[in-house]
file input25.tsv (TSV, C-alpha atoms and all ligand atoms)
chain	number	residue	atom	x	y	z
A	908	MET	CA	-20.24	21.78	4.40
A	909	ASP	CA	-19.37	21.40	0.68
A	910	LEU	CA	-15.86	19.98	0.77
A	911	THR	CA	-13.46	18.17	3.11
A	912	ILE	CA	-9.79	18.29	2.13
A	913	ILE	CA	-7.96	15.26	3.57
A	914	ILE	CA	-4.19	15.52	3.85
A	915	PRO	CA	-2.16	12.56	5.13
A	916	THR	CA	1.09	13.74	6.68
A	917	PHE	CA	4.24	12.05	7.85
A	918	ASN	CA	6.91	14.53	8.96
A	919	GLU	CA	5.88	17.46	6.76
A	920	ALA	CA	6.51	20.35	9.20
A	921	PRO	CA	8.17	22.70	6.64
A	922	ASN	CA	5.19	22.44	4.26
A	923	VAL	CA	2.12	22.90	6.44
A	924	ALA	CA	1.90	26.71	6.58
A	925	GLU	CA	2.46	27.25	2.86
A	926	LEU	CA	0.02	24.44	2.01
A	927	VAL	CA	-2.78	25.89	4.13
A	928	ARG	CA	-2.09	29.38	2.78
A	929	ARG	CA	-2.45	28.23	-0.84
A	930	ILE	CA	-5.51	26.06	-0.12
A	931	GLN	CA	-7.27	28.99	1.55
A	932	LEU	CA	-6.66	31.18	-1.49
A	933	SER	CA	-7.85	28.54	-3.92
A	934	VAL	CA	-11.07	27.52	-2.13
A	935	ALA	CA	-12.07	31.02	-0.93
A	936	GLY	CA	-15.86	31.24	-1.10
A	937	THR	CA	-16.39	27.46	-0.70
A	938	ASP	CA	-17.66	26.01	2.58
A	939	ALA	CA	-14.62	23.78	3.06
A	940	GLU	CA	-12.54	22.25	5.86
A	941	ILE	CA	-9.08	20.69	6.03
A	942	VAL	CA	-8.45	17.45	7.92
A	943	PHE	CA	-4.84	16.49	8.54
A	944	VAL	CA	-4.38	12.81	9.35
A	945	ASP	CA	-0.96	12.76	10.85
A	946	ASP	CA	1.40	9.89	11.70
A	947	SER	CA	4.45	12.09	12.23
A	948	THR	CA	7.27	11.48	14.66
A	949	ASP	CA	8.51	15.08	14.46
A	950	GLU	CA	7.01	18.48	15.33
A	951	THR	CA	4.44	18.40	12.48
A	952	PRO	CA	1.38	18.11	14.81
A	953	ALA	CA	2.48	21.18	16.77
A	954	VAL	CA	2.99	23.12	13.54
A	955	ILE	CA	-0.47	22.06	12.31
A	956	ALA	CA	-2.04	23.21	15.58
A	957	GLU	CA	-0.32	26.60	15.26
A	958	VAL	CA	-1.40	27.05	11.65
A	959	ALA	CA	-4.96	25.91	12.47
A	960	ALA	CA	-5.30	28.58	15.15
A	961	LEU	CA	-4.56	31.31	12.60
A	962	ALA	CA	-6.43	29.84	9.64
A	963	THR	CA	-9.51	31.46	8.10
A	964	MET	CA	-11.12	28.06	7.41
A	965	PRO	CA	-11.65	25.07	9.76
A	966	VAL	CA	-8.47	23.02	10.07
A	967	ARG	CA	-8.69	19.80	12.09
A	968	LEU	CA	-5.93	17.46	13.16
A	969	LEU	CA	-6.25	13.74	13.75
A	970	HIS	CA	-2.94	12.51	15.10
A	971	ARG	CA	-2.61	8.72	15.14
A	972	ASP	CA	-0.43	7.16	17.79
A	973	ASP	CA	-1.05	3.72	16.34
A	974	PRO	CA	-0.94	4.24	12.58
A	975	GLN	CA	-2.74	1.43	10.74
A	976	GLY	CA	-2.54	0.94	6.98
A	977	GLY	CA	0.03	3.70	6.36
A	978	LEU	CA	-0.91	6.47	3.95
A	979	SER	CA	-4.00	4.58	2.69
A	980	GLY	CA	-5.25	3.88	6.20
A	981	ALA	CA	-4.80	7.56	7.08
A	982	VAL	CA	-6.93	8.65	4.11
A	983	LEU	CA	-9.76	6.30	5.13
A	984	GLU	CA	-9.69	7.57	8.72
A	985	GLY	CA	-9.92	11.09	7.37
A	986	MET	CA	-12.97	10.15	5.31
A	987	ALA	CA	-14.61	8.61	8.35
A	988	ILE	CA	-14.55	11.94	10.21
A	989	ALA	CA	-15.11	14.25	7.22
A	990	ARG	CA	-18.01	16.70	7.58
A	991	SER	CA	-18.67	16.73	3.85
A	992	ASP	CA	-19.56	13.80	1.61
A	993	TRP	CA	-17.18	15.15	-1.02
A	994	CYS	CA	-13.65	14.31	0.10
A	995	LEU	CA	-10.61	15.68	-1.66
A	996	VAL	CA	-7.39	13.78	-1.00
A	997	MET	CA	-4.01	15.41	-1.58
A	998	ASP	CA	-0.40	15.14	-0.43
A	999	GLY	CA	1.04	17.49	2.17
A	1000	ASP	CA	4.18	18.48	0.28
A	1001	LEU	CA	2.66	20.77	-2.41
A	1002	GLN	CA	3.42	18.34	-5.22
A	1003	HIS	CA	-0.35	18.58	-5.76
A	1004	PRO	CA	-1.08	22.25	-6.57
A	1005	PRO	CA	-4.06	23.48	-4.49
A	1006	GLU	CA	-5.00	25.78	-7.40
A	1007	VAL	CA	-6.42	22.71	-9.21
A	1008	ILE	CA	-9.00	22.03	-6.46
A	1009	PRO	CA	-11.73	24.33	-7.88
A	1010	THR	CA	-11.49	22.60	-11.27
A	1011	LEU	CA	-11.96	19.18	-9.61
A	1012	VAL	CA	-14.90	20.48	-7.59
A	1013	ALA	CA	-16.53	22.07	-10.66
A	1014	ARG	CA	-16.25	18.76	-12.53
A	1015	ALA	CA	-17.85	16.88	-9.62
A	1016	ARG	CA	-20.72	19.39	-9.48
A	1017	ARG	CA	-21.91	18.22	-12.88
A	1018	GLY	CA	-23.23	15.30	-10.87
A	1019	ASP	CA	-22.47	12.40	-13.21
A	1020	VAL	CA	-19.38	10.88	-11.52
A	1021	ASP	CA	-18.29	9.37	-8.17
A	1022	VAL	CA	-14.64	10.33	-8.41
A	1023	VAL	CA	-12.65	13.06	-10.15
A	1024	VAL	CA	-9.02	12.09	-10.61
A	1025	ALA	CA	-6.23	14.64	-10.98
A	1026	SER	CA	-4.03	12.91	-13.54
A	1027	ARG	CA	-0.43	13.44	-14.60
A	1028	TYR	CA	-1.00	11.41	-17.73
A	1029	VAL	CA	-3.99	13.01	-19.43
A	1030	GLY	CA	-4.14	16.07	-21.68
A	1031	ASP	CA	-1.48	18.60	-20.72
A	1032	GLY	CA	-0.76	16.99	-17.34
A	1033	THR	CA	2.89	16.32	-16.47
A	1034	ALA	CA	4.94	14.27	-14.03
A	1035	HIS	CA	7.93	16.60	-13.99
A	1036	GLY	CA	8.08	16.59	-10.17
A	1037	LEU	CA	9.10	12.91	-10.11
A	1038	ALA	CA	12.61	13.35	-8.77
A	1039	ASN	CA	14.47	11.54	-11.57
A	1040	GLY	CA	14.30	9.60	-14.82
A	1041	LEU	CA	14.25	6.27	-13.02
A	1042	ARG	CA	11.18	7.18	-10.96
A	1043	THR	CA	9.44	8.47	-14.09
A	1044	LEU	CA	10.12	5.17	-15.83
A	1045	VAL	CA	8.97	3.12	-12.83
A	1046	SER	CA	5.81	5.22	-12.56
A	1047	ARG	CA	4.99	4.87	-16.26
A	1048	ALA	CA	5.71	1.14	-16.33
A	1049	SER	CA	3.76	0.34	-13.16
A	1050	THR	CA	0.81	2.38	-14.44
A	1051	LEU	CA	0.78	0.34	-17.66
A	1052	VAL	CA	1.04	-2.99	-15.84
A	1053	THR	CA	-1.69	-1.97	-13.40
A	1054	LYS	CA	-4.04	-0.90	-16.18
A	1055	ALA	CA	-3.38	-4.17	-17.99
A	1056	MET	CA	-4.31	-6.10	-14.83
A	1057	PHE	CA	-7.61	-4.23	-14.38
A	1058	PRO	CA	-8.59	-3.38	-17.96
A	1059	ILE	CA	-12.26	-2.74	-17.20
A	1060	ARG	CA	-12.16	-1.13	-13.76
A	1061	LEU	CA	-9.35	1.25	-14.78
A	1062	ARG	CA	-10.63	1.92	-18.30
A	1063	ASP	CA	-11.43	5.58	-17.62
A	1064	CYS	CA	-8.43	6.32	-15.39
A	1065	THR	CA	-5.02	7.19	-16.83
A	1066	ASP	CA	-3.35	7.65	-13.42
A	1067	PRO	CA	-4.61	5.10	-10.84
A	1068	MET	CA	-1.45	5.74	-8.77
A	1069	THR	CA	-2.13	9.42	-8.19
A	1070	GLY	CA	-2.65	10.60	-4.63
A	1071	PHE	CA	-4.76	13.58	-5.77
A	1072	PHE	CA	-8.50	13.00	-6.28
A	1073	LEU	CA	-11.99	14.00	-5.21
A	1074	VAL	CA	-14.34	11.21	-4.20
A	1075	HIS	CA	-17.98	11.00	-3.17
A	1076	ARG	CA	-17.91	9.24	0.18
A	1077	PRO	CA	-21.17	7.26	-0.18
A	1078	SER	CA	-19.58	5.30	-3.03
A	1079	VAL	CA	-16.75	4.11	-0.74
A	1080	VAL	CA	-17.37	0.92	1.28
A	1081	PRO	CA	-14.67	0.84	3.99
A	1082	ASP	CA	-15.43	-2.74	5.06
A	1083	GLU	CA	-14.37	-4.21	1.74
A	1084	LEU	CA	-11.05	-2.33	1.66
A	1085	GLN	CA	-7.69	-3.54	2.91
A	1086	PRO	CA	-5.67	-0.33	3.02
A	1087	ARG	CA	-1.95	-0.88	2.78
A	1088	GLY	CA	0.78	1.34	1.44
A	1089	PHE	CA	0.48	4.38	-0.78
A	1090	LYS	CA	-2.06	3.52	-3.47
A	1091	ILE	CA	-5.49	4.21	-1.99
A	1092	LEU	CA	-7.11	5.30	-5.28
A	1093	LEU	CA	-6.06	2.04	-6.93
A	1094	GLU	CA	-7.56	0.10	-4.03
A	1095	LEU	CA	-10.86	1.97	-4.41
A	1096	LEU	CA	-11.12	1.71	-8.19
A	1097	ALA	CA	-10.04	-1.94	-8.36
A	1098	ARG	CA	-12.63	-3.18	-5.84
A	1099	ARG	CA	-15.84	-1.86	-7.33
A	1100	PRO	CA	-17.01	0.14	-10.35
A	1101	PHE	CA	-16.78	3.93	-10.04
A	1102	ARG	CA	-17.86	6.58	-12.53
A	1103	VAL	CA	-14.59	8.39	-13.19
A	1104	ALA	CA	-13.71	11.78	-14.69
A	1105	GLU	CA	-10.21	13.20	-15.02
A	1106	ILE	CA	-8.56	16.59	-14.87
A	1107	PRO	CA	-4.93	17.08	-15.94
A	1108	PHE	CA	-2.42	18.61	-13.52
A	1109	ASP	CA	1.29	19.34	-13.21
A	1110	PHE	CA	2.89	17.14	-10.57
A	1111	ALA	CA	5.22	19.71	-9.00
A	1112	GLU	CA	8.43	19.39	-7.06
A	1113	ARG	CA	8.33	18.99	-3.32
A	1114	PHE	CA	8.18	22.32	-1.42
A	1115	GLY	CA	10.24	21.16	1.58
A	1116	GLY	CA	11.22	17.97	3.40
A	1117	GLU	CA	11.86	14.57	1.89
A	1118	SER	CA	9.85	11.91	0.03
A	1119	LYS	CA	8.69	8.89	2.04
A	1120	ALA	CA	8.65	6.60	-0.98
A	1121	SER	CA	11.02	3.66	-0.52
A	1122	LEU	CA	11.87	0.20	-1.74
A	1123	VAL	CA	9.62	-1.23	0.97
A	1124	GLN	CA	6.76	0.86	-0.45
A	1125	GLY	CA	7.59	-0.51	-3.90
A	1126	PHE	CA	7.43	-4.09	-2.62
A	1127	ARG	CA	4.21	-3.31	-0.76
A	1128	PHE	CA	2.73	-2.00	-4.00
A	1129	LEU	CA	3.60	-5.23	-5.86
A	1130	MET	CA	1.97	-7.27	-3.09
A	1131	GLN	CA	-1.10	-5.05	-3.15
A	1132	LEU	CA	-1.40	-5.45	-6.90
A	1133	ALA	CA	-1.07	-9.24	-6.76
A	1134	MET	CA	-3.52	-9.57	-3.88
A	1135	LEU	CA	-6.10	-7.18	-5.33
A	1136	ARG	CA	-6.08	-9.11	-8.57
A	1137	PHE	CA	-5.54	-12.72	-7.54
A	1138	GLY	CA	-6.35	-12.76	-3.84
A	1139	ARG	CA	-4.32	-13.44	-0.73
A	1140	LEU	CA	-3.07	-16.78	-2.00
A	1141	SER	CA	-0.98	-14.95	-4.62
A	1142	GLY	CA	0.74	-12.80	-1.97
A	1143	PHE	CA	1.43	-15.98	-0.02
A	1144	ALA	CA	2.89	-17.56	-3.18
A	1145	LEU	CA	5.09	-14.52	-3.86
A	1146	VAL	CA	6.54	-14.69	-0.35
A	1147	GLY	CA	6.98	-18.46	-0.68
A	1148	GLY	CA	8.83	-17.99	-3.98
A	1149	LEU	CA	11.13	-15.38	-2.46
A	1150	GLY	CA	11.76	-17.74	0.46
A	1151	ALA	CA	12.69	-20.60	-1.88
A	1152	VAL	CA	15.21	-18.40	-3.70
A	1153	ALA	CA	16.70	-17.23	-0.38
A	1154	ASN	CA	16.85	-20.84	0.85
A	1155	ILE	CA	18.79	-21.99	-2.22
A	1156	ALA	CA	21.18	-19.03	-1.94
A	1157	ILE	CA	21.87	-19.67	1.76
A	1158	VAL	CA	22.60	-23.36	1.19
A	1159	ALA	CA	24.89	-22.52	-1.75
A	1160	LEU	CA	26.75	-19.91	0.28
A	1161	LEU	CA	27.22	-22.04	3.40
A	1162	THR	CA	28.35	-25.16	1.52
A	1163	SER	CA	30.81	-23.07	-0.50
A	1164	LEU	CA	32.22	-21.91	2.86
A	1165	GLY	CA	32.80	-25.57	3.74
A	1166	MET	CA	29.72	-26.37	5.85
A	1167	SER	CA	28.15	-29.82	5.45
A	1168	TYR	CA	25.06	-30.04	3.20
A	1169	LEU	CA	22.82	-31.25	6.04
A	1170	ALA	CA	23.81	-28.40	8.39
A	1171	ALA	CA	23.50	-25.83	5.60
A	1172	SER	CA	20.03	-27.16	4.65
A	1173	ILE	CA	18.80	-26.96	8.22
A	1174	ILE	CA	20.07	-23.39	8.65
A	1175	GLY	CA	18.64	-22.42	5.23
A	1176	ALA	CA	15.25	-23.87	6.11
A	1177	GLU	CA	15.02	-22.26	9.56
A	1178	VAL	CA	16.17	-18.84	8.36
A	1179	THR	CA	13.63	-18.93	5.53
A	1180	ILE	CA	10.82	-20.03	7.81
A	1181	ILE	CA	11.42	-17.02	10.05
A	1182	GLY	CA	12.02	-14.66	7.12
A	1183	ASN	CA	8.79	-15.81	5.47
A	1184	PHE	CA	6.92	-15.22	8.69
A	1185	ILE	CA	8.15	-11.62	8.88
A	1186	LEU	CA	7.08	-10.96	5.27
A	1187	LEU	CA	3.69	-12.61	5.81
A	1188	GLU	CA	3.11	-10.45	8.89
A	1189	ARG	CA	3.99	-7.22	7.11
A	1190	PHE	CA	2.59	-7.71	3.65
A	1191	VAL	CA	0.13	-10.61	3.38
A	1192	PHE	CA	-1.79	-10.86	6.65
A	1193	SER	CA	-1.21	-7.33	7.97
A	1194	ASP	CA	-4.98	-6.71	8.07
A	1195	LEU	CA	-5.66	-9.79	10.25
A	1196	ARG	CA	-2.83	-9.29	12.73
A	1197	GLU	CA	-4.71	-7.22	15.25
A	1198	GLU	CA	-7.45	-9.78	15.90
A	1199	SER	CA	-5.17	-12.81	16.13
A	1200	GLY	CA	-3.27	-12.56	19.40
A	1201	SER	CA	0.39	-11.81	20.03
A	1202	THR	CA	3.15	-11.85	17.42
A	1203	TRP	CA	5.13	-14.40	19.43
A	1204	LYS	CA	2.22	-16.81	19.51
A	1205	ARG	CA	1.80	-16.51	15.74
A	1206	LEU	CA	5.53	-16.93	15.14
A	1207	TRP	CA	5.54	-20.03	17.30
A	1208	LYS	CA	2.55	-21.58	15.49
A	1209	SER	CA	4.02	-20.80	12.08
A	1210	PHE	CA	7.48	-22.06	13.05
A	1211	ALA	CA	6.20	-25.29	14.60
A	1212	PHE	CA	3.86	-25.98	11.69
A	1213	ASN	CA	6.52	-25.46	9.03
A	1214	ASN	CA	8.98	-27.72	10.84
A	1215	ILE	CA	6.45	-30.49	11.34
A	1216	GLU	CA	5.32	-30.10	7.75
A	1217	SER	CA	8.90	-30.55	6.45
A	1218	ALA	CA	9.50	-33.46	8.82
A	1219	ILE	CA	6.46	-35.24	7.33
A	1220	ARG	CA	6.88	-34.18	3.70
A	1221	ILE	CA	10.51	-35.15	3.18
A	1222	PRO	CA	10.20	-38.79	4.40
A	1223	ILE	CA	7.01	-39.27	2.35
A	1224	ALA	CA	8.70	-37.98	-0.79
A	1225	THR	CA	11.78	-40.10	-0.06
A	1226	ALA	CA	9.66	-43.22	0.45
A	1227	ALA	CA	7.76	-42.62	-2.79
A	1228	VAL	CA	11.00	-42.25	-4.70
A	1229	SER	CA	12.72	-45.29	-3.22
A	1230	ALA	CA	9.61	-47.45	-3.76
A	1231	GLY	CA	9.83	-46.50	-7.43
A	1232	ILE	CA	6.37	-44.88	-7.46
A	1233	MET	CA	7.66	-41.48	-8.60
A	1234	HIS	CA	10.69	-39.82	-10.06
A	1235	ALA	CA	12.50	-37.56	-7.54
A	1236	THR	CA	11.55	-34.32	-9.34
A	1237	VAL	CA	7.90	-35.34	-9.57
A	1238	ALA	CA	7.86	-36.35	-5.90
A	1239	THR	CA	9.37	-33.01	-4.84
A	1240	THR	CA	6.96	-31.02	-7.02
A	1241	VAL	CA	3.84	-32.89	-5.94
A	1242	THR	CA	4.64	-32.82	-2.22
A	1243	LEU	CA	5.65	-29.15	-2.34
A	1244	ALA	CA	2.43	-28.22	-4.16
A	1245	ILE	CA	0.33	-30.04	-1.57
A	1246	ALA	CA	2.39	-28.50	1.23
A	1247	PHE	CA	1.85	-25.03	-0.25
A	1248	ILE	CA	-1.95	-25.36	-0.11
A	1249	VAL	CA	-1.89	-26.92	3.37
A	1250	ARG	CA	0.47	-24.18	4.61
A	1251	PHE	CA	-1.75	-21.43	3.22
A	1252	THR	CA	-4.86	-22.97	4.78
A	1253	PHE	CA	-3.15	-23.39	8.13
A	1254	HIS	CA	-1.89	-19.80	8.17
A	1255	SER	CA	-5.26	-18.35	7.15
A	1256	LEU	CA	-7.36	-20.43	9.55
A	1257	VAL	CA	-5.07	-21.06	12.51
A	1258	VAL	CA	-2.15	-18.62	12.66
A	1259	TYR	CA	-4.26	-15.59	11.67
A	1260	ALA	CA	-7.54	-16.92	13.07
B	1301	LIG	N1	-0.49	9.83	7.64
B	1301	LIG	C1	0.49	9.34	6.89
B	1301	LIG	N2	1.04	8.14	7.21
B	1301	LIG	N3	0.92	10.05	5.82
B	1301	LIG	C2	1.93	9.54	5.09
B	1301	LIG	C3	2.54	8.30	5.36
B	1301	LIG	C4	2.06	7.57	6.49
B	1301	LIG	O1	2.54	6.48	6.82
B	1301	LIG	N4	3.51	8.09	4.43
B	1301	LIG	C5	3.50	9.17	3.62
B	1301	LIG	N5	2.56	10.05	4.02
B	1301	LIG	C6	2.19	11.34	3.41
B	1301	LIG	C7	3.35	12.28	3.17
B	1301	LIG	O2	3.61	13.09	4.32
B	1301	LIG	C8	2.82	13.11	2.02
B	1301	LIG	O3	1.95	14.13	2.45
B	1301	LIG	C9	2.02	12.08	1.21
B	1301	LIG	O4	1.67	11.06	2.12
B	1301	LIG	C10	2.81	11.51	0.03
B	1301	LIG	O5	4.07	11.06	0.47
B	1301	LIG	P1	5.42	11.44	-0.30
B	1301	LIG	O6	6.56	11.05	0.54
B	1301	LIG	O7	5.37	12.87	-0.76
B	1301	LIG	O8	5.34	10.41	-1.50
B	1301	LIG	P2	5.65	10.60	-3.03
B	1301	LIG	O9	5.64	12.02	-3.48
B	1301	LIG	O10	6.86	9.82	-3.31
B	1301	LIG	O11	4.40	9.82	-3.65
B	1301	LIG	C11	3.24	10.53	-3.99
B	1301	LIG	O12	3.17	10.59	-5.37
B	1301	LIG	C12	3.04	9.33	-6.00
B	1301	LIG	C13	2.98	9.53	-7.47
B	1301	LIG	O13	4.20	9.32	-8.01
B	1301	LIG	C14	1.98	9.84	-3.44
B	1301	LIG	O14	0.85	10.65	-3.71
B	1301	LIG	C15	1.76	8.50	-4.07
B	1301	LIG	O15	0.49	7.97	-3.67
B	1301	LIG	C16	1.78	8.66	-5.55
B	1301	LIG	O16	1.71	7.40	-6.17
B	1302	MN	MN	5.44	13.79	-2.53
call {"tool": "encode", "arguments": {"input": "input25.tsv", "output": "structure tokens"}}
result
Amino acid sequence: MDLTIIIPTFNEAPNVAELVRRIQLSVAGTDAEIVFVDDSTDETPAVIAEVAALATMPVRLLHRDDPQGGLSGAVLEGMAIARSDWCLVMDGDLQHPPEVIPTLVARARRGDVDVVVASRYVGDGTAHGLANGLRTLVSRASTLVTKAMFPIRLRDCTDPMTGFFLVHRPSVVPDELQPRGFKILLELLARRPFRVAEIPFDFAERFGGESKASLVQGFRFLMQLAMLRFGRLSGFALVGGLGAVANIAIVALLTSLGMSYLAASIIGAEVTIIGNFILLERFVFSDLREESGSTWKRLWKSFAFNNIESAIRIPIATAAVSAGIMHATVATTVTLAIAFIVRFTFHSLVVYA
């Protein structure tokens, strides 16, 4: 087999038949297969099965009942079962025109690269299918920031956020990847050096259905970027920073409503501890969750630890200030910095053991 076309799908029923029709036309004469990796909650799997039965090329369906790693995880599972070492990844909504596939394949056949990227931002490529001006701006800006963060690894790639590319499977090392969110190509390129070529394409409008991009995906992308570049500690710090802001806001709100400072502080602290835990679960330690017992057990460990930590830290800081060893601001900063490192270590080694 010369080519495996991997298509992650989440509720794309109206697009499947047209997608397969256009792929068949564009790869006619190539020994190719299509693998749908589907996490849908609607009738998409049934539609895929129907279309597969009538198709003139092999169409396989991997439906995941327990989707791990979202879109990126789906792509990696598709690669794992691909019959060809050349894996083409594309969206299931026809924003990636199948007619470009032969150009990508021809470029790969020259044999000097590991990945051929279909880019919106090279040559006469366009991003006109981005629904609105705001998304275009966000896409442009995040591409710039991302390239600035990985100047060497992304040197030859103008569109690391694209979901349309052809990759040689032997150059992918699944064990070193932590798939999360939408940006699988970025994850691949950032982790190890690839030889990259690019082909321009027109990012079209969606054929049917709705986009699955969301604010949560945007936040997940920021976390992925921080953690790819600066490690897990930076994701932990980002969540901690958000928690501190939320804590201050809660205390301000409750005291302005007439609650005592002590009561407001306790509520602010407990709400943030639980809120932080939820964010850590979803965005920072999502890859370690499975091997570390039940959610309730982790929540309990995290909750108990944070409370004990505060109960120790605050009296120590208070004592240092009243003994005249440190100024209050210095005492708070120093004890919080130590607590941050201890908290991170505890969560990495005990909560997510
Ligand atoms: N299996 C699986 N699981 N597929 C998913 C999931 C998931 O959790 N979430 C989304 N998909 C599928 C969709 O069904 C679609 O085929 C593809 O992934 C892309 O999702 P869209 O909802 O169409 O996202 P988009 O158009 O906003 O984003 C696309 O373009 C961006 C460029 O602006 C993606 O290709 C992004 O990766 C890309 O950055
Ligand atoms: Mn899309």
call {"tool": "closest_atom_pairs", "arguments": {"input": "input25.tsv", "of": "chain A", "to": "ligand LIG 1301 (chain B)", "cutoff": "9 Å", "atoms": "only C-alpha atoms and all ligand atoms", "output": "Markdown table"}}
result
| residue | atom | partner | partner_atom | distance |
| --- | --- | --- | --- | --- |
| A:Ile914 | CA | B:LIG1301 | O3 | 6.4 |
| A:Pro915 | CA | B:LIG1301 | N3 | 4.0 |
| A:Thr916 | CA | B:LIG1301 | O2 | 3.5 |
| A:Phe917 | CA | B:LIG1301 | O2 | 3.7 |
| A:Asn918 | CA | B:LIG1301 | O2 | 5.9 |
| A:Glu919 | CA | B:LIG1301 | O2 | 5.5 |
| A:Phe943 | CA | B:LIG1301 | N1 | 8.0 |
| A:Val944 | CA | B:LIG1301 | N1 | 5.2 |
| A:Asp945 | CA | B:LIG1301 | N1 | 4.4 |
| A:Asp946 | CA | B:LIG1301 | N1 | 4.5 |
| A:Ser947 | CA | B:LIG1301 | N1 | 7.1 |
| A:His970 | CA | B:LIG1301 | N1 | 8.3 |
| A:Arg971 | CA | B:LIG1301 | N1 | 7.9 |
| A:Pro974 | CA | B:LIG1301 | N2 | 6.9 |
| A:Gln975 | CA | B:LIG1301 | O1 | 8.3 |
| A:Gly976 | CA | B:LIG1301 | O1 | 7.5 |
| A:Gly977 | CA | B:LIG1301 | O1 | 3.8 |
| A:Leu978 | CA | B:LIG1301 | C4 | 4.1 |
| A:Ser979 | CA | B:LIG1301 | N2 | 7.6 |
| A:Gly980 | CA | B:LIG1301 | N2 | 7.7 |
| A:Ala981 | CA | B:LIG1301 | N1 | 4.9 |
| A:Val982 | CA | B:LIG1301 | N1 | 7.4 |
| A:Met997 | CA | B:LIG1301 | O14 | 7.1 |
| A:Asp998 | CA | B:LIG1301 | O3 | 3.9 |
| A:Gly999 | CA | B:LIG1301 | O3 | 3.5 |
| A:Asp1000 | CA | B:LIG1301 | O3 | 5.3 |
| A:Leu1001 | CA | B:LIG1301 | O3 | 8.3 |
| A:Gln1002 | CA | B:LIG1301 | O9 | 6.9 |
| A:His1003 | CA | B:LIG1301 | O14 | 8.3 |
| A:Arg1027 | CA | B:LIG1301 | C13 | 8.8 |
| A:Ala1034 | CA | B:LIG1301 | O13 | 7.8 |
| A:Gly1036 | CA | B:LIG1301 | O9 | 8.5 |
| A:Leu1037 | CA | B:LIG1301 | O13 | 6.4 |
| A:Ala1038 | CA | B:LIG1301 | O10 | 8.7 |
| A:Arg1042 | CA | B:LIG1301 | O13 | 7.9 |
| A:Thr1043 | CA | B:LIG1301 | O13 | 8.1 |
| A:Ser1046 | CA | B:LIG1301 | O13 | 6.3 |
| A:Asp1066 | CA | B:LIG1301 | O16 | 8.8 |
| A:Pro1067 | CA | B:LIG1301 | O16 | 8.2 |
| A:Met1068 | CA | B:LIG1301 | O16 | 4.4 |
| A:Thr1069 | CA | B:LIG1301 | C16 | 4.8 |
| A:Gly1070 | CA | B:LIG1301 | O14 | 3.6 |
| A:Phe1071 | CA | B:LIG1301 | O14 | 6.7 |
| A:Gly1088 | CA | B:LIG1301 | O1 | 7.6 |
| A:Phe1089 | CA | B:LIG1301 | O15 | 4.6 |
| A:Lys1090 | CA | B:LIG1301 | O15 | 5.1 |
| A:Ile1091 | CA | B:LIG1301 | O15 | 7.3 |
| A:Leu1092 | CA | B:LIG1301 | O15 | 8.2 |
| A:Phe1110 | CA | B:LIG1301 | C13 | 8.2 |
| A:Glu1112 | CA | B:LIG1301 | O9 | 8.7 |
| A:Arg1113 | CA | B:LIG1301 | O7 | 7.3 |
| A:Gly1116 | CA | B:LIG1301 | O7 | 8.8 |
| A:Glu1117 | CA | B:LIG1301 | O6 | 6.5 |
| A:Ser1118 | CA | B:LIG1301 | O6 | 3.4 |
| A:Lys1119 | CA | B:LIG1301 | O6 | 3.4 |
| A:Ala1120 | CA | B:LIG1301 | O10 | 4.4 |
| A:Ser1121 | CA | B:LIG1301 | O10 | 7.9 |
call {"tool": "atom_distance", "arguments": {"input": "input25.tsv", "atom1": "atom CA of Ala1104 of chain A", "atom2": "atom CA of Ser933 of chain A"}}
result
20.8 Å
call {"tool": "atom_distance", "arguments": {"input": "input25.tsv", "atom1": "atom CA of Ala989 of chain A", "atom2": "atom CA of Thr937 of chain A"}}
result
15.5 Å
call {"tool": "residues_near_point", "arguments": {"input": "input25.tsv", "point": "(-12.3, -0.6, -13.4)", "cutoff": "12 Å", "atoms": "only C-alpha atoms", "output": "short mmCIF file (atom, residue, chain, number, x, y, z; two decimals) with C-alpha atoms, keeping the file's coordinate frame"}}
result
data_model
loop_
_atom_site.label_atom_id
_atom_site.label_comp_id
_atom_site.auth_asym_id
_atom_site.auth_seq_id
_atom_site.Cartn_x
_atom_site.Cartn_y
_atom_site.Cartn_z
CA THR A 1053 -1.69 -1.97 -13.40
CA LYS A 1054 -4.04 -0.90 -16.18
CA ALA A 1055 -3.38 -4.17 -17.99
CA MET A 1056 -4.31 -6.10 -14.83
CA PHE A 1057 -7.61 -4.23 -14.38
CA PRO A 1058 -8.59 -3.38 -17.96
CA ILE A 1059 -12.26 -2.74 -17.20
CA ARG A 1060 -12.16 -1.13 -13.76
CA LEU A 1061 -9.35 1.25 -14.78
CA ARG A 1062 -10.63 1.92 -18.30
CA ASP A 1063 -11.43 5.58 -17.62
CA CYS A 1064 -8.43 6.32 -15.39
CA THR A 1065 -5.02 7.19 -16.83
CA PRO A 1067 -4.61 5.10 -10.84
CA LEU A 1092 -7.11 5.30 -5.28
CA LEU A 1093 -6.06 2.04 -6.93
CA GLU A 1094 -7.56 0.10 -4.03
CA LEU A 1095 -10.86 1.97 -4.41
CA LEU A 1096 -11.12 1.71 -8.19
CA ALA A 1097 -10.04 -1.94 -8.36
CA ARG A 1098 -12.63 -3.18 -5.84
CA ARG A 1099 -15.84 -1.86 -7.33
CA PRO A 1100 -17.01 0.14 -10.35
CA PHE A 1101 -16.78 3.93 -10.04
CA ARG A 1102 -17.86 6.58 -12.53
CA VAL A 1103 -14.59 8.39 -13.19
CA ARG A 1136 -6.08 -9.11 -8.57
#
call {"tool": "atom_distance", "arguments": {"input": "input25.tsv", "atom1": "atom CA of Ser1026 of chain A", "atom2": "atom CA of Phe1108 of chain A"}}
result
5.9 Å
